[in-house]
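Text of query.cif (mmCIF, C-alpha atoms) as supplied:
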data_entry
#
loop_
_atom_site.label_atom_id
_atom_site.label_comp_id
_atom_site.auth_asym_id
_atom_site.auth_seq_id
_atom_site.Cartn_x
_atom_site.Cartn_y
_atom_site.Cartn_z
CA MET A 153 -39.73 -10.46 3.11
CA ALA A 154 -36.37 -8.66 3.19
CA ALA A 155 -36.24 -5.27 1.54
CA PRO A 156 -34.37 -5.25 -1.81
CA ARG A 157 -30.79 -4.06 -1.61
CA THR A 158 -30.16 -0.56 -2.89
CA ARG A 159 -27.99 -0.68 -5.97
CA VAL A 160 -25.03 1.68 -5.74
CA GLN A 161 -24.37 3.72 -8.86
CA ARG A 162 -20.62 3.52 -9.39
CA ARG A 163 -18.53 6.40 -10.70
CA PRO A 164 -14.90 7.04 -11.65
CA VAL A 165 -12.93 7.93 -8.51
CA HIS A 166 -9.17 8.51 -8.61
CA GLY A 167 -6.80 8.84 -5.67
CA VAL A 168 -5.45 7.30 -2.48
CA LEU A 169 -7.35 6.87 0.77
CA LEU A 170 -5.22 6.33 3.87
CA LEU A 171 -7.41 4.05 5.94
CA ASP A 172 -6.93 3.09 9.56
CA LYS A 173 -8.04 -0.53 9.18
CA PRO A 174 -10.16 -1.70 12.10
CA LEU A 175 -9.72 -4.86 14.12
CA GLY A 176 -11.64 -7.86 12.81
CA LEU A 177 -11.89 -6.93 9.13
CA SER A 178 -9.71 -8.38 6.41
CA SER A 179 -7.95 -5.91 4.12
CA ASN A 180 -10.34 -6.82 1.30
CA GLN A 181 -13.42 -6.34 3.50
CA ALA A 182 -12.15 -2.90 4.50
CA LEU A 183 -11.45 -2.09 0.84
CA GLN A 184 -14.93 -3.13 -0.28
CA LYS A 185 -16.54 -1.02 2.46
CA ALA A 186 -14.55 2.07 1.46
CA LYS A 187 -15.22 1.40 -2.23
CA TRP A 188 -18.97 1.25 -1.50
CA LEU A 189 -18.87 4.48 0.53
CA LEU A 190 -17.07 6.29 -2.32
CA ARG A 191 -19.18 4.58 -5.02
CA ALA A 192 -15.90 3.90 -6.82
CA GLU A 193 -15.66 1.81 -9.98
CA LYS A 194 -12.15 0.45 -9.43
CA ALA A 195 -10.10 -0.06 -6.27
CA GLY A 196 -7.28 -2.08 -4.74
CA HIS A 197 -5.25 -2.18 -1.53
CA THR A 198 -1.49 -2.02 -1.09
CA GLY A 199 -0.56 -4.94 1.12
CA THR A 200 -2.57 -7.29 3.29
CA LEU A 201 -3.16 -6.68 6.98
CA ASP A 202 -4.49 -9.62 9.01
CA PRO A 203 -8.00 -9.28 10.48
CA LEU A 204 -6.36 -9.16 13.95
CA ALA A 205 -4.12 -6.26 12.87
CA THR A 206 -5.04 -2.57 12.69
CA GLY A 207 -3.46 0.50 11.18
CA VAL A 208 -2.23 2.08 7.98
CA LEU A 209 -3.76 0.58 4.85
CA PRO A 210 -3.46 2.77 1.73
CA LEU A 211 -6.37 2.11 -0.64
CA CYS A 212 -5.97 3.02 -4.30
CA PHE A 213 -8.84 4.07 -6.55
CA GLY A 214 -9.01 4.40 -10.31
CA ALA A 215 -5.78 5.65 -11.87
CA ALA A 216 -3.93 5.31 -8.55
CA THR A 217 -4.16 1.51 -8.77
CA LYS A 218 -1.51 1.64 -11.52
CA PHE A 219 1.07 2.75 -8.95
CA SER A 220 0.04 0.60 -5.97
CA GLN A 221 3.07 -1.68 -6.36
CA LEU A 222 5.23 1.13 -4.99
CA GLN A 223 3.47 0.80 -1.63
CA LEU A 224 3.57 -2.98 -1.77
CA ASP A 225 7.36 -2.69 -2.04
CA ALA A 226 7.72 0.05 0.61
CA ASP A 227 9.24 -0.42 4.07
CA LYS A 228 6.67 -0.65 6.84
CA THR A 229 6.65 0.05 10.58
CA TYR A 230 4.72 -2.02 13.11
CA VAL A 231 4.07 -1.96 16.83
CA ALA A 232 3.16 -5.33 18.37
CA THR A 233 2.81 -6.91 21.77
CA ALA A 234 4.03 -10.47 22.26
CA ARG A 235 3.10 -12.78 25.14
CA LEU A 236 6.21 -14.58 26.30
CA GLY A 237 6.11 -18.16 27.50
CA VAL A 238 3.14 -19.26 25.39
CA LYS A 239 3.35 -20.61 21.84
CA THR A 240 0.20 -21.01 19.73
CA SER A 241 -0.65 -22.90 16.56
CA THR A 242 -1.06 -19.69 14.56
CA GLY A 243 1.55 -17.47 16.18
CA ASP A 244 -1.16 -15.12 17.44
CA ALA A 245 -3.92 -15.03 20.05
CA GLU A 246 -6.42 -16.80 17.75
CA GLY A 247 -4.54 -20.11 17.77
CA GLU A 248 -4.56 -23.00 20.21
CA VAL A 249 -1.88 -23.11 22.88
CA ILE A 250 0.66 -25.76 21.84
CA ALA A 251 3.47 -25.10 24.35
CA GLU A 252 4.10 -23.22 27.60
CA ARG A 253 7.47 -22.48 29.18
CA PRO A 254 8.66 -20.41 32.14
CA VAL A 255 9.83 -16.86 31.44
CA HIS A 256 13.15 -15.62 32.83
CA VAL A 257 14.07 -12.61 30.71
CA THR A 258 16.42 -9.80 31.68
CA PRO A 259 16.93 -6.36 30.07
CA GLU A 260 20.23 -7.72 28.77
CA ASP A 261 18.36 -10.54 27.03
CA LEU A 262 16.09 -8.05 25.29
CA ALA A 263 19.09 -5.97 24.18
CA ARG A 264 20.70 -9.14 22.82
CA VAL A 265 17.71 -10.10 20.64
CA GLU A 266 17.46 -6.55 19.34
CA VAL A 267 20.98 -6.90 17.95
CA GLN A 268 20.38 -10.48 16.80
CA PHE A 269 17.31 -9.61 14.71
CA THR A 270 18.39 -6.23 13.33
CA GLY A 271 19.65 -6.18 9.75
CA PRO A 272 19.35 -8.89 7.07
CA ILE A 273 17.76 -12.08 8.40
CA ARG A 274 16.17 -15.21 6.96
CA GLN A 275 12.56 -15.89 7.80
CA THR A 276 10.24 -18.79 7.02
CA PRO A 277 6.71 -17.56 6.12
CA PRO A 278 4.01 -18.85 8.49
CA MET A 279 1.39 -21.37 7.38
CA HIS A 280 -1.30 -18.91 8.46
CA SER A 281 -0.52 -16.42 5.71
CA ALA A 282 -1.94 -15.30 2.38
CA LEU A 283 0.99 -16.71 0.39
CA LYS A 284 -0.24 -19.10 -2.28
CA LYS A 285 0.72 -22.61 -3.29
CA ASP A 286 -0.88 -23.94 -6.49
CA GLY A 287 -3.36 -21.07 -6.42
CA LYS A 288 -4.46 -21.73 -2.85
CA ALA A 289 -3.58 -19.58 0.19
CA LEU A 290 -1.40 -21.25 2.82
CA TYR A 291 -3.93 -20.45 5.56
CA GLU A 292 -6.47 -22.59 3.69
CA TYR A 293 -4.10 -25.57 3.83
CA ALA A 294 -3.47 -24.81 7.51
CA ARG A 295 -7.20 -24.91 8.28
CA GLU A 296 -7.29 -28.38 6.69
CA GLY A 297 -4.40 -29.52 8.87
CA ILE A 298 -1.99 -29.69 5.93
CA GLU A 299 1.58 -28.46 6.40
CA ILE A 300 3.24 -27.10 3.23
CA GLU A 301 7.00 -26.84 2.92
CA ARG A 302 8.02 -23.18 2.71
CA ALA A 303 11.38 -21.82 1.63
CA ALA A 304 13.04 -19.30 3.93
CA ARG A 305 13.29 -15.82 2.47
CA ASP A 306 15.67 -12.92 2.96
CA VAL A 307 14.18 -9.86 4.66
CA VAL A 308 15.65 -6.82 6.40
CA ILE A 309 14.79 -5.49 9.85
CA HIS A 310 15.90 -1.88 9.57
CA LYS A 311 15.08 -0.87 13.15
CA LEU A 312 14.02 -2.97 16.13
CA LEU A 313 13.06 -2.12 19.69
CA VAL A 314 12.03 -4.82 22.19
CA GLU A 315 11.00 -3.64 25.64
CA ALA A 316 9.31 -5.24 28.61
CA ILE A 317 5.82 -4.16 29.64
CA ALA A 318 5.77 -3.75 33.42
CA SER A 319 3.89 -6.32 35.52
CA THR A 320 3.08 -8.51 32.51
CA PRO A 321 4.71 -11.40 30.67
CA ASP A 322 4.49 -9.27 27.52
CA VAL A 323 7.04 -7.37 25.47
CA ARG A 324 6.44 -4.51 23.07
CA ILE A 325 8.07 -4.88 19.66
CA LYS A 326 8.52 -1.89 17.38
CA ALA A 327 10.02 -2.75 14.01
CA THR A 328 10.64 -1.06 10.67
CA VAL A 329 10.98 -3.80 8.09
CA SER A 330 11.35 -4.55 4.41
CA LYS A 331 8.72 -5.97 2.10
CA GLY A 332 7.78 -9.57 2.85
CA THR A 333 8.55 -9.52 6.59
CA TYR A 334 6.07 -11.30 8.86
CA ILE A 335 5.87 -9.65 12.27
CA ARG A 336 4.06 -12.69 13.66
CA THR A 337 7.04 -14.83 12.71
CA LEU A 338 9.45 -12.21 14.05
CA GLY A 339 7.62 -12.34 17.40
CA GLU A 340 7.80 -16.14 17.48
CA ASP A 341 11.50 -16.14 16.56
CA ILE A 342 12.28 -13.56 19.26
CA GLY A 343 10.44 -15.76 21.78
CA GLU A 344 12.54 -18.76 20.77
CA ALA A 345 15.74 -16.73 21.01
CA LEU A 346 14.72 -15.77 24.56
CA GLY A 347 14.22 -19.45 25.36
CA CYS A 348 10.55 -19.26 26.28
CA GLY A 349 8.53 -18.98 23.07
CA ALA A 350 5.97 -16.28 22.29
CA HIS A 351 2.89 -15.35 20.29
CA LEU A 352 1.49 -11.98 19.23
CA ASN A 353 -1.29 -10.44 21.30
CA SER A 354 -1.75 -7.40 19.08
CA LEU A 355 -0.36 -5.88 15.90
CA ARG A 356 -0.65 -2.39 14.46
CA ARG A 357 0.93 -0.97 11.31
CA THR A 358 1.92 2.60 12.08
CA ALA A 359 3.57 3.56 8.78
CA THR A 360 4.05 2.39 5.20
CA GLY A 361 6.50 4.24 3.00
CA ASP A 362 6.01 7.96 3.63
CA PHE A 363 2.48 7.52 5.02
CA ASP A 364 1.83 7.20 8.76
CA GLU A 365 -1.10 6.66 11.10
CA SER A 366 -1.58 10.38 11.79
CA GLN A 367 -2.80 10.80 8.19
CA CYS A 368 -5.36 8.00 8.31
CA ILE A 369 -9.14 8.02 8.64
CA THR A 370 -11.38 5.32 10.10
CA LEU A 371 -14.29 3.70 8.30
CA GLU A 372 -16.64 5.08 10.96
CA ALA A 373 -15.46 8.64 10.32
CA LEU A 374 -15.70 8.14 6.57
CA GLU A 375 -19.22 6.77 6.87
CA ALA A 376 -20.34 9.82 8.89
CA MET A 377 -19.26 12.22 6.11
CA SER A 378 -21.12 13.57 3.12
CA GLU A 379 -20.04 12.33 -0.32
CA ASP A 380 -18.08 15.53 -1.02
CA GLU A 381 -16.29 15.22 2.32
CA ARG A 382 -15.38 11.61 1.56
CA LEU A 383 -13.90 12.56 -1.80
CA ALA A 384 -11.93 15.33 -0.09
CA GLN A 385 -10.12 12.67 1.97
CA LEU A 386 -8.44 11.30 -1.16
CA LEU A 387 -4.83 12.13 -1.90
CA PRO A 388 -4.00 12.49 -5.60
CA ALA A 389 -2.48 9.51 -7.40
CA GLU A 390 0.89 11.27 -7.54
CA ALA A 391 1.11 10.99 -3.74
CA LEU A 392 2.30 7.43 -4.42
CA VAL A 393 5.34 8.77 -6.30
CA ALA A 394 6.12 11.68 -3.97
CA GLY A 395 9.71 10.49 -3.59
CA HIS A 396 10.38 10.46 -7.33
CA SER A 397 12.21 13.22 -9.15
CA ARG A 398 9.87 15.21 -11.39
CA VAL A 399 9.99 15.90 -15.09
CA MET A 400 7.86 18.65 -16.59
CA LEU A 401 6.90 18.39 -20.27
CA GLY A 402 5.50 20.97 -22.64
CA THR A 403 2.21 20.45 -24.43
CA GLU A 404 3.51 18.64 -27.53
CA ASP A 405 5.93 16.41 -25.63
CA ALA A 406 3.28 15.60 -23.02
CA ALA A 407 0.80 14.49 -25.67
CA ARG A 408 3.35 12.32 -27.42
CA PHE A 409 4.59 10.89 -24.12
CA LEU A 410 1.01 9.84 -23.30
CA SER A 411 0.95 8.02 -26.63
CA GLY A 412 3.82 5.88 -25.35
CA LEU A 413 6.50 7.66 -27.37
CA ARG A 414 9.94 8.37 -25.96
CA ARG A 415 11.06 11.98 -25.60
CA ARG A 416 14.55 13.44 -25.65
CA GLY A 417 15.84 16.15 -23.35
CA GLN A 418 18.62 17.36 -21.09
CA TRP A 419 17.79 14.95 -18.25
CA ALA A 420 20.16 12.98 -16.06
CA ASP A 421 19.75 9.21 -15.97
CA ALA A 422 17.17 8.08 -13.40
CA GLY A 423 15.58 4.76 -12.53
CA GLU A 424 12.10 6.22 -12.20
CA VAL A 425 10.64 9.72 -12.37
CA ALA A 426 7.17 11.24 -12.09
CA VAL A 427 6.11 13.04 -15.26
CA PHE A 428 3.80 16.06 -15.41
CA GLY A 429 2.41 18.12 -18.27
CA PRO A 430 -0.01 20.97 -18.94
CA GLY A 431 -3.63 20.12 -18.32
CA LEU A 432 -5.25 22.43 -20.89
CA PRO A 433 -3.67 21.78 -24.30
CA SER A 434 -5.04 22.25 -27.77
CA PRO A 435 -8.01 19.93 -28.39
CA GLN A 436 -6.61 19.00 -31.83
CA PRO A 437 -4.34 15.97 -32.38
CA PHE A 438 -0.77 16.74 -33.25
CA PRO A 439 0.60 15.51 -36.56
CA ALA A 440 2.44 12.23 -36.88
CA ASP A 441 5.51 12.06 -34.68
CA GLY A 442 7.75 10.71 -37.38
CA ARG A 443 8.26 7.37 -35.60
CA GLY A 444 5.23 5.69 -37.03
CA GLY A 445 2.77 6.77 -34.32
CA ASN A 446 0.29 9.59 -33.88
CA SER A 447 0.29 11.75 -30.75
CA LEU A 448 -2.87 11.93 -28.69
CA PRO A 449 -4.16 15.28 -27.41
CA LEU A 450 -4.24 15.75 -23.67
CA PRO A 451 -7.83 16.06 -22.41
CA HIS A 452 -9.43 19.41 -21.81
CA ALA A 453 -10.55 19.57 -18.19
CA GLY A 454 -13.56 21.82 -18.63
CA GLU A 455 -14.61 24.80 -16.51
CA GLY A 456 -13.10 23.43 -13.26
CA ALA A 457 -9.49 23.81 -14.38
CA ARG A 458 -7.28 26.82 -15.00
CA GLU A 459 -4.82 27.54 -17.76
CA GLY A 460 -1.41 26.41 -16.49
CA ASP A 461 -2.71 23.61 -14.27
CA LEU A 462 -0.43 20.61 -14.31
CA ALA A 463 -1.57 17.04 -14.86
CA PHE A 464 0.20 13.95 -13.54
CA LEU A 465 0.88 11.83 -16.63
CA GLY A 466 2.62 8.80 -15.17
CA THR A 467 6.08 7.43 -14.54
CA ALA A 468 9.13 6.92 -16.72
CA ARG A 469 12.81 6.13 -16.59
CA ILE A 470 15.59 8.20 -18.14
CA THR A 471 18.46 6.62 -20.04
CA ALA A 472 21.01 8.63 -22.05
CA GLY A 473 18.74 11.67 -22.16
CA GLU A 474 15.73 9.68 -23.32
CA LEU A 475 12.49 9.70 -21.32
CA ILE A 476 11.06 6.19 -21.58
CA PRO A 477 7.36 5.83 -20.60
CA GLY A 478 6.46 3.45 -17.78
CA ARG A 479 2.99 3.36 -16.25
CA LEU A 480 0.78 6.03 -17.82
CA LEU A 481 -2.60 7.54 -17.10
CA ASN A 482 -4.95 7.64 -20.06
CA PRO A 483 -6.52 10.87 -21.34
CA ILE A 484 -9.94 10.06 -19.89
CA GLU A 485 -8.47 9.52 -16.42
CA ILE A 486 -6.58 12.81 -16.62
CA GLN A 487 -9.71 14.62 -17.71
CA GLN A 488 -11.71 13.18 -14.82
CA ILE A 489 -8.98 14.07 -12.32
CA LEU A 490 -8.58 17.65 -13.54
CA LEU A 491 -12.32 18.18 -13.61
CA ASN A 492 -12.65 17.27 -9.94
CA ALA A 493 -9.30 18.42 -8.52
CA THR A 494 -8.50 21.62 -6.70
CA PRO A 495 -5.46 23.65 -7.86
CA CYS A 496 -3.36 22.39 -4.92
CA GLU A 497 -3.95 18.80 -6.01
CA THR A 498 -2.74 19.30 -9.56
CA THR A 499 0.22 21.62 -9.03
CA PRO A 500 3.35 19.97 -7.55
#

Target format structure tokens, applied to this file:
Amino acid sequence: MAAPRTRVQRRPVHGVLLLDKPLGLSSNQALQKAKWLLRAEKAGHTGTLDPLATGVLPLCFGAATKFSQLQLDADKTYVATARLGVKTSTGDAEGEVIAERPVHVTPEDLARVEVQFTGPIRQTPPMHSALKKDGKALYEYAREGIEIERAARDVVIHKLLVEAIASTPDVRIKATVSKGTYIRTLGEDIGEALGCGAHLNSLRRTATGDFDESQCITLEALEAMSEDERLAQLLPAEALVAGHSRVMLGTEDAARFLSGLRRRGQWADAGEVAVFGPGLPSPQPFPADGRGGNSLPLPHAGEGAREGDLAFLGTARITAGELIPGRLLNPIEIQQILLNATPCETTP
């Protein structure tokens, strides 16, 4: 009889783990493994990587999941190898060979396709993708032999390098691309432009937004750590908004802002800002704001925090001197973060 599975006691965990996703695991499988190792209650990833791809996969836990869309929308950098002369049913090495053509490619040809595919282009999503039609992923239709009509989409290739790999029929493709770009499709399209076809042999994401592979940790390394060491690998939730301008609020304004109330100040208009406030306010609620709502007190962080520590409150936009709340942390999340954070994690 198999031994009963040990039930993991979940706990609130907040922050961002920069994972180096291994070959062979889906993004969700990697997420679930990391979530189990951290015993986290809530988690999500920031953009799917195929099982045959490796590299940078930011995982968001707890309060950080509220800001994961920023990474979904971020530019990403990939390094891939493409086998010229062979086209497969899936566009990668997993598919069946469906066409073979001779390869006669010169350095001038490679320079030409670099120019051709740099900048705004239109790209048709592959059937073997996670895009959904009527609630069903395209790859599921593909496995059933069903071809679904897909509309071409506009994407941007910001940077592109295509170089031959000596003594092989392969080329190395390094590309920095906008959201929604399929590198597998880019490899196939480059192969067609070279007149010989191609499929991807390997794919690695080396950067997403401001995060790169040098900051990442593997699942094996995470598994070998103690629980405290694992938690120490987490970046704070505000790492996801590192590029935003910052607004600092006083105690009363911070409490009212967390209640969803707009604040007025001498701020320039901005599409999105990161908002911070003091982490150790009065434990008593403030009186009514005068706009029909009551302000909530910010949470007291307990013995682990210091007077003057700053708490990340959320995001906002500024219009005509008015700070308009966007995505906000709740008081319990802030309390949990401050209780477990070090001073360097809470002070911008």

Please write as a PDB file with C-alpha atoms, in the frame of the given file the full residue list that the PyMOL selection byres ((chain A and resi 179-189) around 10) yields on this file.
ATOM      1  CA  VAL A 160     -25.030   1.680  -5.740  1.00  0.00           C
ATOM      2  CA  GLN A 161     -24.370   3.720  -8.860  1.00  0.00           C
ATOM      3  CA  ARG A 162     -20.620   3.520  -9.390  1.00  0.00           C
ATOM      4  CA  VAL A 165     -12.930   7.930  -8.510  1.00  0.00           C
ATOM      5  CA  LEU A 169      -7.350   6.870   0.770  1.00  0.00           C
ATOM      6  CA  LEU A 171      -7.410   4.050   5.940  1.00  0.00           C
ATOM      7  CA  ASP A 172      -6.930   3.090   9.560  1.00  0.00           C
ATOM      8  CA  LYS A 173      -8.040  -0.530   9.180  1.00  0.00           C
ATOM      9  CA  PRO A 174     -10.160  -1.700  12.100  1.00  0.00           C
ATOM     10  CA  GLY A 176     -11.640  -7.860  12.810  1.00  0.00           C
ATOM     11  CA  LEU A 177     -11.890  -6.930   9.130  1.00  0.00           C
ATOM     12  CA  SER A 178      -9.710  -8.380   6.410  1.00  0.00           C
ATOM     13  CA  LEU A 190     -17.070   6.290  -2.320  1.00  0.00           C
ATOM     14  CA  ARG A 191     -19.180   4.580  -5.020  1.00  0.00           C
ATOM     15  CA  ALA A 192     -15.900   3.900  -6.820  1.00  0.00           C
ATOM     16  CA  GLU A 193     -15.660   1.810  -9.980  1.00  0.00           C
ATOM     17  CA  LYS A 194     -12.150   0.450  -9.430  1.00  0.00           C
ATOM     18  CA  ALA A 195     -10.100  -0.060  -6.270  1.00  0.00           C
ATOM     19  CA  GLY A 196      -7.280  -2.080  -4.740  1.00  0.00           C
ATOM     20  CA  HIS A 197      -5.250  -2.180  -1.530  1.00  0.00           C
ATOM     21  CA  THR A 198      -1.490  -2.020  -1.090  1.00  0.00           C
ATOM     22  CA  GLY A 199      -0.560  -4.940   1.120  1.00  0.00           C
ATOM     23  CA  THR A 200      -2.570  -7.290   3.290  1.00  0.00           C
ATOM     24  CA  LEU A 201      -3.160  -6.680   6.980  1.00  0.00           C
ATOM     25  CA  ASP A 202      -4.490  -9.620   9.010  1.00  0.00           C
ATOM     26  CA  PRO A 203      -8.000  -9.280  10.480  1.00  0.00           C
ATOM     27  CA  ALA A 205      -4.120  -6.260  12.870  1.00  0.00           C
ATOM     28  CA  THR A 206      -5.040  -2.570  12.690  1.00  0.00           C
ATOM     29  CA  LEU A 209      -3.760   0.580   4.850  1.00  0.00           C
ATOM     30  CA  PRO A 210      -3.460   2.770   1.730  1.00  0.00           C
ATOM     31  CA  LEU A 211      -6.370   2.110  -0.640  1.00  0.00           C
ATOM     32  CA  CYS A 212      -5.970   3.020  -4.300  1.00  0.00           C
ATOM     33  CA  PHE A 213      -8.840   4.070  -6.550  1.00  0.00           C
ATOM     34  CA  THR A 370     -11.380   5.320  10.100  1.00  0.00           C
ATOM     35  CA  LEU A 371     -14.290   3.700   8.300  1.00  0.00           C
ATOM     36  CA  LEU A 374     -15.700   8.140   6.570  1.00  0.00           C
ATOM     37  CA  GLU A 375     -19.220   6.770   6.870  1.00  0.00           C
ATOM     38  CA  MET A 377     -19.260  12.220   6.110  1.00  0.00           C
ATOM     39  CA  SER A 378     -21.120  13.570   3.120  1.00  0.00           C
ATOM     40  CA  GLU A 379     -20.040  12.330  -0.320  1.00  0.00           C
ATOM     41  CA  ARG A 382     -15.380  11.610   1.560  1.00  0.00           C
ATOM     42  CA  LEU A 383     -13.900  12.560  -1.800  1.00  0.00           C
TER      43      LEU A 383
END

Explicit residue set for the PyMOL selection byres ((chain A and resi 331-340) around 7), as a ChimeraX atom specification: /A:225-227,234,243-244,277-278,307,329-330,341-344,349-352

Residues near Tyr230 (chain A), cut-off 6 Å, all atoms listed in the file, skip fewer than 5 positions along chain, as a ChimeraX atom specification: /A:326-327,356-358

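Selection result for the displayed file, with the PyMOL selection byres ((chain A and resi 240) around 9) as criterion, is Val238, Lys239, Ser241, Thr242, Gly243, Asp244, Ala245, Glu246, Gly247, Glu248, Val249, Ile250, Ala251, Ala350 and His351 of chain A.
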
Among listed residues A:Ile273, A:Gln268, A:Leu262, A:Leu283, nearest Arg324 (chain A) (using only C-alpha atoms): A:Leu262

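Closest to His396 (chain A) among A:Gly423, A:Gly214, A:Pro483, A:Gly347 is A:Gly423, based on only C-alpha atoms.
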
Residue with smallest distance to Ser220 (chain A) - pool A:Glu390, A:Arg295, A:Leu401, A:His310, counting all atoms listed in the file: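 Nearest to Ser220 (chain A): A:Glu390.
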
Six-sided padding of 8 Å per side, axis-aligned box over region 183-201 of chain A, centre and edges in Å, one decimal, as JSON:
{"center_x": -9.9, "center_y": -0.5, "center_z": -1.5, "size_x": 34.6, "size_y": 29.6, "size_z": 33.0}

Nearest to Gly395 (chain A), chosen from A:Val255, A:Leu480, A:Ala426, A:Ile489, with only C-alpha atoms counted in the distances: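 Nearest to Gly395 (chain A): A:Ala426.
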
CA of Leu236 (chain A) to CA of Glu301 (chain A), straight-line distance in Å: 26.4 Å

Exercise: residues within 7 Å of coordinate (19.1, -4.9, 7.6), counting only C-alpha atoms, as a PyMOL selection string: chain A and resi 270-272+308-310

Selected residue of minimal separation from Ser366 (chain A) among A:Val208, A:Glu485, A:Glu424, A:Val323, counting only C-alpha atoms: A:Val208

Separation of CA of Lys311 (chain A) from CA of Arg274 (chain A), in Å and rounded to one decimal: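 The value is 15.7 Å.
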